[in-house]
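J.: Can you keep this structure in mind? I'll have questions shortly.
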Amino acid sequence: MKLKKVLAALLVCMMVLPMAACAEGFSGTITGITSNDVILNNIQTVMGDFLAANPDLKLDFQRSTVEDLDSKINLAHVSGQGYDYISVNNSSVKQFVAAGVLEPLDPYLEAAGIDLSEYYSESLLEVGKVDGVLYAIPQDPDCRVMIYNKKVLDAAGFEAPKNQEDILKICEALCHDGVYAFARQFSSLGTVYNEGSFIIANGANICREVDGKIVGTCNTPEMIKSMQFWVDMIPYMPQDMNYDETQVHQMFVDGKLLFNIYGPWMINDTTTALSNLEYGVDYALIPVPGDVPNSSIAGGFWVGIGSGSKNKDATWATIQEMLSPEMICKMQFAMPGDGRCYDMAPYNTEIYQPFKQALTGAQPPMPYSTNFNKVCDIFYDYFNRVVVGGEDIVEMMTLCDADINALFAE
């Protein structure tokens, strides 16, 4: 399906989805912060009926870059000007809870008779929990799948790869004369979330929480197999391996790239060269192949109530309204966490089905902590020493574990 078909389906959704009765009786101003332009661009229109039912209620949302989001939230909290509605990067939930920024949400859910586990995967809900208490709800989560060059594979008589061994066989046959398997973008977060998708798909983790303590788990058979996959890919990747996303997408369009990691935010992105391709003809998506079916790395943004909010009930009513399946579809989030949305346009279209599959097993790349970025940097260093430097996998993964353990022992 081409991009214009996806957008057409979305317009149909916006015209025909029924509206539930809106909560009434709220007043005041709800302050919010988000890095998501989808919310900022659409909230006044999409929430029109809710605001009409509450004429004395105003929504005042501030935009932040992703890079500045955490610091702005923290600054507002410590200055006593905390936001009511807070869009939380998935990796920041625990640090905000530790700082007292977020309000527990279980009392609101219980009062409303809502059981989120009926509609959201447990792995997504766990991201918003600390010590079993829910502080944030998946509002705009994401996960990664693999895009493959269907036109090129079809012409060569290959079906979609079912496992990582199939990927290697396809590369052995087709990666010549300037055609490559993958093209890397060098960064620690990029490696953890992109190449790391294949690690999660093999059941491996960079680190895990054991008896309340985070420990390195790189020197495992699952991780060693995952690292070997990337070592095996080296002959089929360009020698100059550091490409930006624009270059990677153009290589794919030109038939020079067979595979890549693909996120749901790319579906409606008209600025990428991929938007000129037809889904199901030129390219297709599948969950990342590996030993654990339908596994993926989860990311994206959750939503919570600021602990310093002076209008918590109205903020909860706003969040509850925004998280209804109908509103999620109208808001045009990249992908929904609520499974009911995949029976509604536009998320019931073919292009979203691999994401629906992958979301069932999506999980963070590692337990989130204040050391998250440092762990990413440690793994990135040892990953490159293996894949680029040719050093021994077991030795490097053993050292990686030691560095991670030392970090959490400080």
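Chain lettering (A, B, ...) mirrors the order of the structure tokens, residue numbering begins at 1 for each chain separately, and ligand numbering begins at 1 in order of display.
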With a distance cut-off of 6 Å and only C-alpha atoms, select the neighbouring residues of range 396-401 of chain A, excluding the residue or stretch itself and same-chain residues fewer than 3 positions from it, and output the selection as a VMD selection string.

T.: chain A and resid 216 218 to 219 382 393 404

J.: Taking N, CA, C and O atoms for each residue, export the selection above as a short mmCIF file (atom, residue, chain, number, x, y, z; two decimals), in the first residue's frame.

T.:
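The new file again29.cif reads:
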```cif
data_model
loop_
_atom_site.label_atom_id
_atom_site.label_comp_id
_atom_site.auth_asym_id
_atom_site.auth_seq_id
_atom_site.Cartn_x
_atom_site.Cartn_y
_atom_site.Cartn_z
N GLY A 216 25.05 -7.84 34.08
CA GLY A 216 25.33 -8.07 32.67
C GLY A 216 25.04 -9.50 32.27
O GLY A 216 25.36 -10.44 33.01
N CYS A 218 25.68 -10.61 28.79
CA CYS A 218 26.16 -10.66 27.40
C CYS A 218 26.86 -11.98 27.07
O CYS A 218 26.80 -12.44 25.93
N ASN A 219 27.52 -12.58 28.05
CA ASN A 219 28.23 -13.82 27.80
C ASN A 219 27.28 -15.00 27.99
O ASN A 219 27.38 -15.77 28.94
N TYR A 382 31.89 -2.65 22.91
CA TYR A 382 32.27 -4.06 22.72
C TYR A 382 31.66 -4.65 21.46
O TYR A 382 32.26 -5.52 20.82
N ILE A 393 34.44 -12.94 20.23
CA ILE A 393 33.11 -12.65 20.75
C ILE A 393 33.02 -12.95 22.24
O ILE A 393 32.58 -12.11 23.04
N ILE A 404 29.59 -3.72 32.89
CA ILE A 404 28.22 -3.43 33.31
C ILE A 404 28.06 -3.69 34.81
O ILE A 404 27.48 -2.88 35.56
#
```

J.: Once you count only C-alpha atoms, what closest atom pair and distance in Å to one decimal does each residue of range 158-235 of chain A within 10 Å of range 248-270 of chain A have, with rows by chain and rising residue number, as CSV?

T.:
```
residue,atom,partner,partner_atom,distance
A:Ile167,CA,A:Phe259,CA,8.8
A:Ile170,CA,A:Leu258,CA,8.9
A:Cys171,CA,A:Leu258,CA,8.1
A:Leu174,CA,A:Leu258,CA,8.6
A:Cys175,CA,A:Leu258,CA,8.4
A:His176,CA,A:Lys256,CA,9.4
A:Asp177,CA,A:Lys256,CA,8.9
A:Gly178,CA,A:Lys256,CA,6.3
A:Val179,CA,A:Lys256,CA,4.3
A:Tyr180,CA,A:Leu257,CA,4.9
A:Ala181,CA,A:Leu258,CA,5.0
A:Phe182,CA,A:Phe259,CA,5.6
A:Ala183,CA,A:Val248,CA,6.4
A:Arg184,CA,A:Val248,CA,8.4
A:Gln185,CA,A:Val248,CA,8.7
A:Tyr193,CA,A:Ile261,CA,9.1
A:Asn194,CA,A:Ile261,CA,6.1
A:Glu195,CA,A:Ile261,CA,8.1
A:Ser197,CA,A:Ile261,CA,8.1
A:Phe198,CA,A:Ile261,CA,9.5
```

J.: Keeping N, CA, C and O atoms for every residue in the selection just given, could you write it to a file as a short mmCIF file (atom, residue, chain, number, x, y, z; two decimals), in the first residue's frame?

T.:
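Done, and the output landed in selection.cif:
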```
data_model
loop_
_atom_site.label_atom_id
_atom_site.label_comp_id
_atom_site.auth_asym_id
_atom_site.auth_seq_id
_atom_site.Cartn_x
_atom_site.Cartn_y
_atom_site.Cartn_z
N ILE A 167 18.33 -15.29 6.16
CA ILE A 167 18.91 -14.00 5.78
C ILE A 167 20.31 -14.20 5.22
O ILE A 167 20.68 -13.63 4.18
N ILE A 170 20.22 -15.69 1.69
CA ILE A 170 19.82 -14.70 0.70
C ILE A 170 20.98 -13.75 0.40
O ILE A 170 21.23 -13.41 -0.77
N CYS A 171 21.70 -13.36 1.44
CA CYS A 171 22.84 -12.45 1.25
C CYS A 171 23.94 -13.12 0.41
O CYS A 171 24.55 -12.49 -0.46
N LEU A 174 22.66 -12.87 -3.23
CA LEU A 174 22.29 -11.60 -3.87
C LEU A 174 23.22 -10.43 -3.58
O LEU A 174 23.15 -9.41 -4.29
N CYS A 175 24.07 -10.55 -2.57
CA CYS A 175 24.92 -9.40 -2.20
C CYS A 175 26.19 -9.38 -3.04
O CYS A 175 27.24 -9.90 -2.66
N HIS A 176 26.06 -8.79 -4.21
CA HIS A 176 27.21 -8.57 -5.11
C HIS A 176 26.85 -7.40 -6.03
O HIS A 176 25.69 -6.97 -6.09
N ASP A 177 27.83 -6.87 -6.71
CA ASP A 177 27.62 -5.75 -7.64
C ASP A 177 26.91 -4.57 -6.97
O ASP A 177 25.98 -3.97 -7.52
N GLY A 178 27.37 -4.25 -5.75
CA GLY A 178 26.84 -3.07 -5.06
C GLY A 178 25.54 -3.26 -4.33
O GLY A 178 24.93 -2.29 -3.88
N VAL A 179 25.10 -4.51 -4.18
CA VAL A 179 23.90 -4.81 -3.40
C VAL A 179 24.35 -5.29 -2.02
O VAL A 179 25.20 -6.19 -1.91
N TYR A 180 23.78 -4.72 -0.98
CA TYR A 180 24.21 -5.02 0.38
C TYR A 180 23.05 -5.55 1.23
O TYR A 180 21.88 -5.38 0.89
N ALA A 181 23.41 -6.16 2.35
CA ALA A 181 22.41 -6.70 3.27
C ALA A 181 21.81 -5.60 4.11
O ALA A 181 20.62 -5.27 4.01
N PHE A 182 22.62 -5.01 4.98
CA PHE A 182 22.22 -3.92 5.87
C PHE A 182 23.21 -2.77 5.72
O PHE A 182 24.33 -2.97 5.26
N ALA A 183 22.81 -1.59 6.15
CA ALA A 183 23.71 -0.45 6.22
C ALA A 183 23.59 0.13 7.62
O ALA A 183 22.50 0.53 8.04
N ARG A 184 24.69 0.17 8.36
CA ARG A 184 24.66 0.61 9.75
C ARG A 184 24.71 2.13 9.89
O ARG A 184 25.25 2.83 9.06
N GLN A 185 24.12 2.58 11.00
CA GLN A 185 24.24 3.98 11.40
C GLN A 185 24.91 3.98 12.77
O GLN A 185 24.33 3.50 13.74
N TYR A 193 19.08 -0.30 19.66
CA TYR A 193 17.70 -0.43 19.20
C TYR A 193 17.56 -1.09 17.84
O TYR A 193 16.55 -1.73 17.56
N ASN A 194 18.55 -0.95 16.96
CA ASN A 194 18.45 -1.53 15.62
C ASN A 194 19.09 -2.91 15.55
O ASN A 194 18.39 -3.93 15.44
N GLU A 195 20.41 -2.97 15.63
CA GLU A 195 21.05 -4.28 15.67
C GLU A 195 20.56 -5.07 16.88
O GLU A 195 20.44 -6.30 16.83
N SER A 197 17.64 -5.33 17.92
CA SER A 197 16.38 -6.02 17.64
C SER A 197 16.61 -7.49 17.33
O SER A 197 15.80 -8.35 17.69
N PHE A 198 17.73 -7.79 16.68
CA PHE A 198 18.06 -9.18 16.38
C PHE A 198 18.53 -9.91 17.63
O PHE A 198 18.39 -11.13 17.74
#
```

J.: As a list in words, list the residues of range 159-378 of chain A assigned to strand (DSSP E) by DSSP on the backbone atoms of this structure.

T.: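 Of range 159-378 of chain A, the ones in strand (DSSP E) are Cys207, Arg208, Glu209, Val210, Lys213, Ile214, Val215, Gly216, Phe259, Asn260, Ile261, Tyr262, Ala284, Leu285, Ile286, Ser295, Ser296, Ile297, Ala298, Gly299, Gly300, Phe301, Trp302, Val303, Gly304, Ile305, Gly361, Ala362 and Gln363 of chain A.
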
J.: Neighbours of range 330-341 of chain A within 6 Å (only C-alpha atoms; same-chain residues fewer than 2 positions away dropped), as a ChimeraX atom specification?

T.: /A:14,119-120,264-265,325,327-328,343-344

J.: Can you work out which one of A:Val210, A:Lys312, A:Asp403, A:Ile199 has the shortest atom-to-atom distance to Met227 in chain A, counting only C-alpha atoms?

T.: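 Of the candidates, the smallest distance to Met227 in chain A is held by A:Ile199.
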
J.: Using only C-alpha atoms, pick whichever of A:Ala52, A:Pro354, A:Tyr85, A:Asp282 has the shortest atom-to-atom distance to Ala155 in chain A.

T.: A:Asp282

J.: List every residue of range 190-306 of chain A that has an atom at most 12 Å from any atom of range 31-44 of chain A, and for each one report the closest atom pair and its distance in Å to one decimal, counting only C-alpha atoms, with rows sorted by chain and then by increasing residue number, as CSV.

T.:
```
residue,atom,partner,partner_atom,distance
A:Trp265,CA,A:Val38,CA,10.9
A:Asn268,CA,A:Val38,CA,11.5
A:Gly300,CA,A:Asn36,CA,10.0
A:Phe301,CA,A:Asn36,CA,8.7
A:Trp302,CA,A:Thr34,CA,10.2
A:Val303,CA,A:Thr34,CA,9.2
A:Gly304,CA,A:Gly32,CA,10.1
A:Ile305,CA,A:Gly32,CA,9.3
A:Gly306,CA,A:Gly32,CA,9.2
```

J.: Write a file of the just-selected residues containing N, CA, C and O atoms, as a PDB file, in the first residue's frame.

T.:
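And here is the file that came out, again.pdb:
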```pdb
ATOM      1  N   TRP A 265       6.857   4.872  12.813  1.00  0.00           N
ATOM      2  CA  TRP A 265       6.852   6.298  12.497  1.00  0.00           C
ATOM      3  C   TRP A 265       7.180   6.556  11.029  1.00  0.00           C
ATOM      4  O   TRP A 265       6.944   7.651  10.518  1.00  0.00           O
ATOM      5  N   ASN A 268       3.867   6.911   7.771  1.00  0.00           N
ATOM      6  CA  ASN A 268       3.229   8.132   7.268  1.00  0.00           C
ATOM      7  C   ASN A 268       4.209   9.269   7.005  1.00  0.00           C
ATOM      8  O   ASN A 268       3.798  10.427   6.868  1.00  0.00           O
ATOM      9  N   GLY A 300       9.278   4.347  22.505  1.00  0.00           N
ATOM     10  CA  GLY A 300       8.155   5.258  22.413  1.00  0.00           C
ATOM     11  C   GLY A 300       7.861   5.988  23.705  1.00  0.00           C
ATOM     12  O   GLY A 300       8.704   6.082  24.603  1.00  0.00           O
ATOM     13  N   PHE A 301       6.619   6.482  23.808  1.00  0.00           N
ATOM     14  CA  PHE A 301       6.261   7.386  24.898  1.00  0.00           C
ATOM     15  C   PHE A 301       5.027   6.910  25.654  1.00  0.00           C
ATOM     16  O   PHE A 301       4.067   6.423  25.069  1.00  0.00           O
ATOM     17  N   TRP A 302       5.111   7.061  26.959  1.00  0.00           N
ATOM     18  CA  TRP A 302       4.024   6.730  27.872  1.00  0.00           C
ATOM     19  C   TRP A 302       3.448   8.057  28.392  1.00  0.00           C
ATOM     20  O   TRP A 302       4.041   9.113  28.189  1.00  0.00           O
ATOM     21  N   VAL A 303       2.313   8.002  29.078  1.00  0.00           N
ATOM     22  CA  VAL A 303       1.708   9.229  29.594  1.00  0.00           C
ATOM     23  C   VAL A 303       1.370   9.050  31.069  1.00  0.00           C
ATOM     24  O   VAL A 303       0.957   7.974  31.502  1.00  0.00           O
ATOM     25  N   GLY A 304       1.586  10.122  31.835  1.00  0.00           N
ATOM     26  CA  GLY A 304       1.298  10.070  33.254  1.00  0.00           C
ATOM     27  C   GLY A 304       0.803  11.411  33.769  1.00  0.00           C
ATOM     28  O   GLY A 304       0.752  12.407  33.030  1.00  0.00           O
ATOM     29  N   ILE A 305       0.442  11.426  35.043  1.00  0.00           N
ATOM     30  CA  ILE A 305      -0.019  12.641  35.709  1.00  0.00           C
ATOM     31  C   ILE A 305       1.087  13.143  36.626  1.00  0.00           C
ATOM     32  O   ILE A 305       1.678  12.374  37.386  1.00  0.00           O
ATOM     33  N   GLY A 306       1.374  14.433  36.563  1.00  0.00           N
ATOM     34  CA  GLY A 306       2.386  15.007  37.434  1.00  0.00           C
ATOM     35  C   GLY A 306       1.941  14.972  38.887  1.00  0.00           C
ATOM     36  O   GLY A 306       0.790  15.296  39.203  1.00  0.00           O
TER      37      GLY A 306
END
```

J.: DSSP on the backbone, alpha helix (DSSP H) only: what residues of range 210-257 of chain A does that give? Format it as a list of chain:residue names.

T.: A:Pro221, A:Glu222, A:Met223, A:Ile224, A:Lys225, A:Ser226, A:Met227, A:Gln228, A:Phe229, A:Trp230, A:Val231, A:Asp232, A:Met233, A:Glu245, A:Thr246, A:Gln247, A:Val248, A:His249, A:Gln250, A:Met251, A:Phe252, A:Val253

J.: Since we have the selection now, will you write its residues out, keeping C-alpha atoms, as a short mmCIF file (atom, residue, chain, number, x, y, z; two decimals), in the first residue's frame?

T.:
```
data_model
loop_
_atom_site.label_atom_id
_atom_site.label_comp_id
_atom_site.auth_asym_id
_atom_site.auth_seq_id
_atom_site.Cartn_x
_atom_site.Cartn_y
_atom_site.Cartn_z
CA PRO A 221 24.75 -18.62 24.18
CA GLU A 222 21.90 -16.43 22.92
CA MET A 223 24.02 -13.29 22.83
CA ILE A 224 27.00 -15.07 21.31
CA LYS A 225 24.75 -16.40 18.53
CA SER A 226 23.41 -12.88 17.98
CA MET A 227 26.90 -11.40 17.77
CA GLN A 228 27.93 -14.13 15.35
CA PHE A 229 25.04 -13.14 13.08
CA TRP A 230 26.45 -9.62 12.76
CA VAL A 231 29.96 -10.94 12.23
CA ASP A 232 28.57 -13.11 9.41
CA MET A 233 26.90 -10.03 7.90
CA GLU A 245 18.80 7.36 7.46
CA THR A 246 18.25 9.29 4.23
CA GLN A 247 21.09 7.42 2.53
CA VAL A 248 19.88 4.07 3.84
CA HIS A 249 16.36 4.63 2.52
CA GLN A 250 17.63 5.72 -0.89
CA MET A 251 19.83 2.61 -1.13
CA PHE A 252 16.75 0.50 -0.43
CA VAL A 253 14.69 2.32 -3.07
#
```

J.: Near range 103-111 of chain A, within 10 Å and counting only C-alpha atoms, which residues show up once chain neighbours fewer than 6 positions away are dropped, as a compact mmCIF listing (two decimals) with N, CA and C atoms, in the first residue's frame?

T.:
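So selection.txt came out as:
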```
# COMPACT_ATOMS: atom_id res chain seq x y z
N ASP A 84 0.68 19.01 34.56
CA ASP A 84 -0.41 18.09 34.88
C ASP A 84 -0.27 16.81 34.05
N PHE A 96 11.88 9.23 36.90
CA PHE A 96 10.86 10.19 37.31
C PHE A 96 10.13 9.73 38.57
N VAL A 97 9.89 8.44 38.67
CA VAL A 97 9.26 7.92 39.88
C VAL A 97 10.18 8.12 41.08
N GLY A 128 5.80 0.99 32.48
CA GLY A 128 5.22 2.08 33.25
C GLY A 128 5.09 1.81 34.73
N LYS A 129 5.61 0.68 35.20
CA LYS A 129 5.48 0.30 36.60
C LYS A 129 6.81 0.40 37.35
N VAL A 130 6.72 0.71 38.62
CA VAL A 130 7.86 0.63 39.53
C VAL A 130 7.35 -0.05 40.80
N GLY A 132 5.69 -2.67 41.06
CA GLY A 132 4.33 -3.14 40.88
C GLY A 132 3.27 -2.07 40.80
N VAL A 133 3.64 -0.81 40.95
CA VAL A 133 2.69 0.31 40.89
C VAL A 133 2.78 0.98 39.52
N LEU A 134 1.62 1.22 38.90
CA LEU A 134 1.60 1.83 37.57
C LEU A 134 1.64 3.35 37.67
N TYR A 135 2.61 3.95 36.97
CA TYR A 135 2.77 5.40 36.95
C TYR A 135 2.58 5.99 35.56
N ALA A 136 2.65 5.18 34.52
CA ALA A 136 2.53 5.69 33.16
C ALA A 136 1.92 4.62 32.26
N ILE A 137 1.14 5.07 31.29
CA ILE A 137 0.41 4.18 30.39
C ILE A 137 0.97 4.34 28.98
N GLY A 304 1.59 10.12 31.83
CA GLY A 304 1.30 10.07 33.25
C GLY A 304 0.80 11.41 33.77
N ILE A 305 0.44 11.43 35.04
CA ILE A 305 -0.02 12.64 35.71
C ILE A 305 1.09 13.14 36.63
N GLY A 306 1.37 14.43 36.56
CA GLY A 306 2.39 15.01 37.43
C GLY A 306 1.94 14.97 38.89
N SER A 307 2.85 14.58 39.77
CA SER A 307 2.49 14.49 41.19
C SER A 307 2.13 15.84 41.78
N GLY A 308 2.65 16.91 41.18
CA GLY A 308 2.34 18.24 41.66
C GLY A 308 1.15 18.88 40.99
N SER A 309 0.43 18.11 40.17
CA SER A 309 -0.73 18.65 39.47
C SER A 309 -1.77 19.16 40.46
N LYS A 312 -5.74 17.09 39.11
CA LYS A 312 -5.47 15.69 38.77
C LYS A 312 -6.69 14.98 38.18
N ASP A 313 -7.86 15.22 38.72
CA ASP A 313 -9.04 14.53 38.21
C ASP A 313 -9.33 14.92 36.76
N TRP A 316 -6.73 13.26 34.57
CA TRP A 316 -7.03 11.83 34.35
C TRP A 316 -8.17 11.69 33.33
N ALA A 317 -9.20 12.52 33.44
CA ALA A 317 -10.31 12.44 32.49
C ALA A 317 -9.83 12.70 31.07
N GLN A 320 -7.83 9.61 29.99
CA GLN A 320 -8.75 8.50 29.73
C GLN A 320 -9.45 8.68 28.39
```

J.: Residues at most 12 Å from Asp49 in chain A, counting only C-alpha atoms, excluding those fewer than 3 positions away in the same chain, as a PyMOL selection string?

T.: chain A and resi 18-24+43-46+52-55+57+318+321-322+327

J.: Any idea what the distance is between CA of Lys162 in chain A and CA of Gly290 in chain A?

T.: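 Going from CA of Lys162 in chain A over to CA of Gly290 in chain A, I get 8.0 Å.
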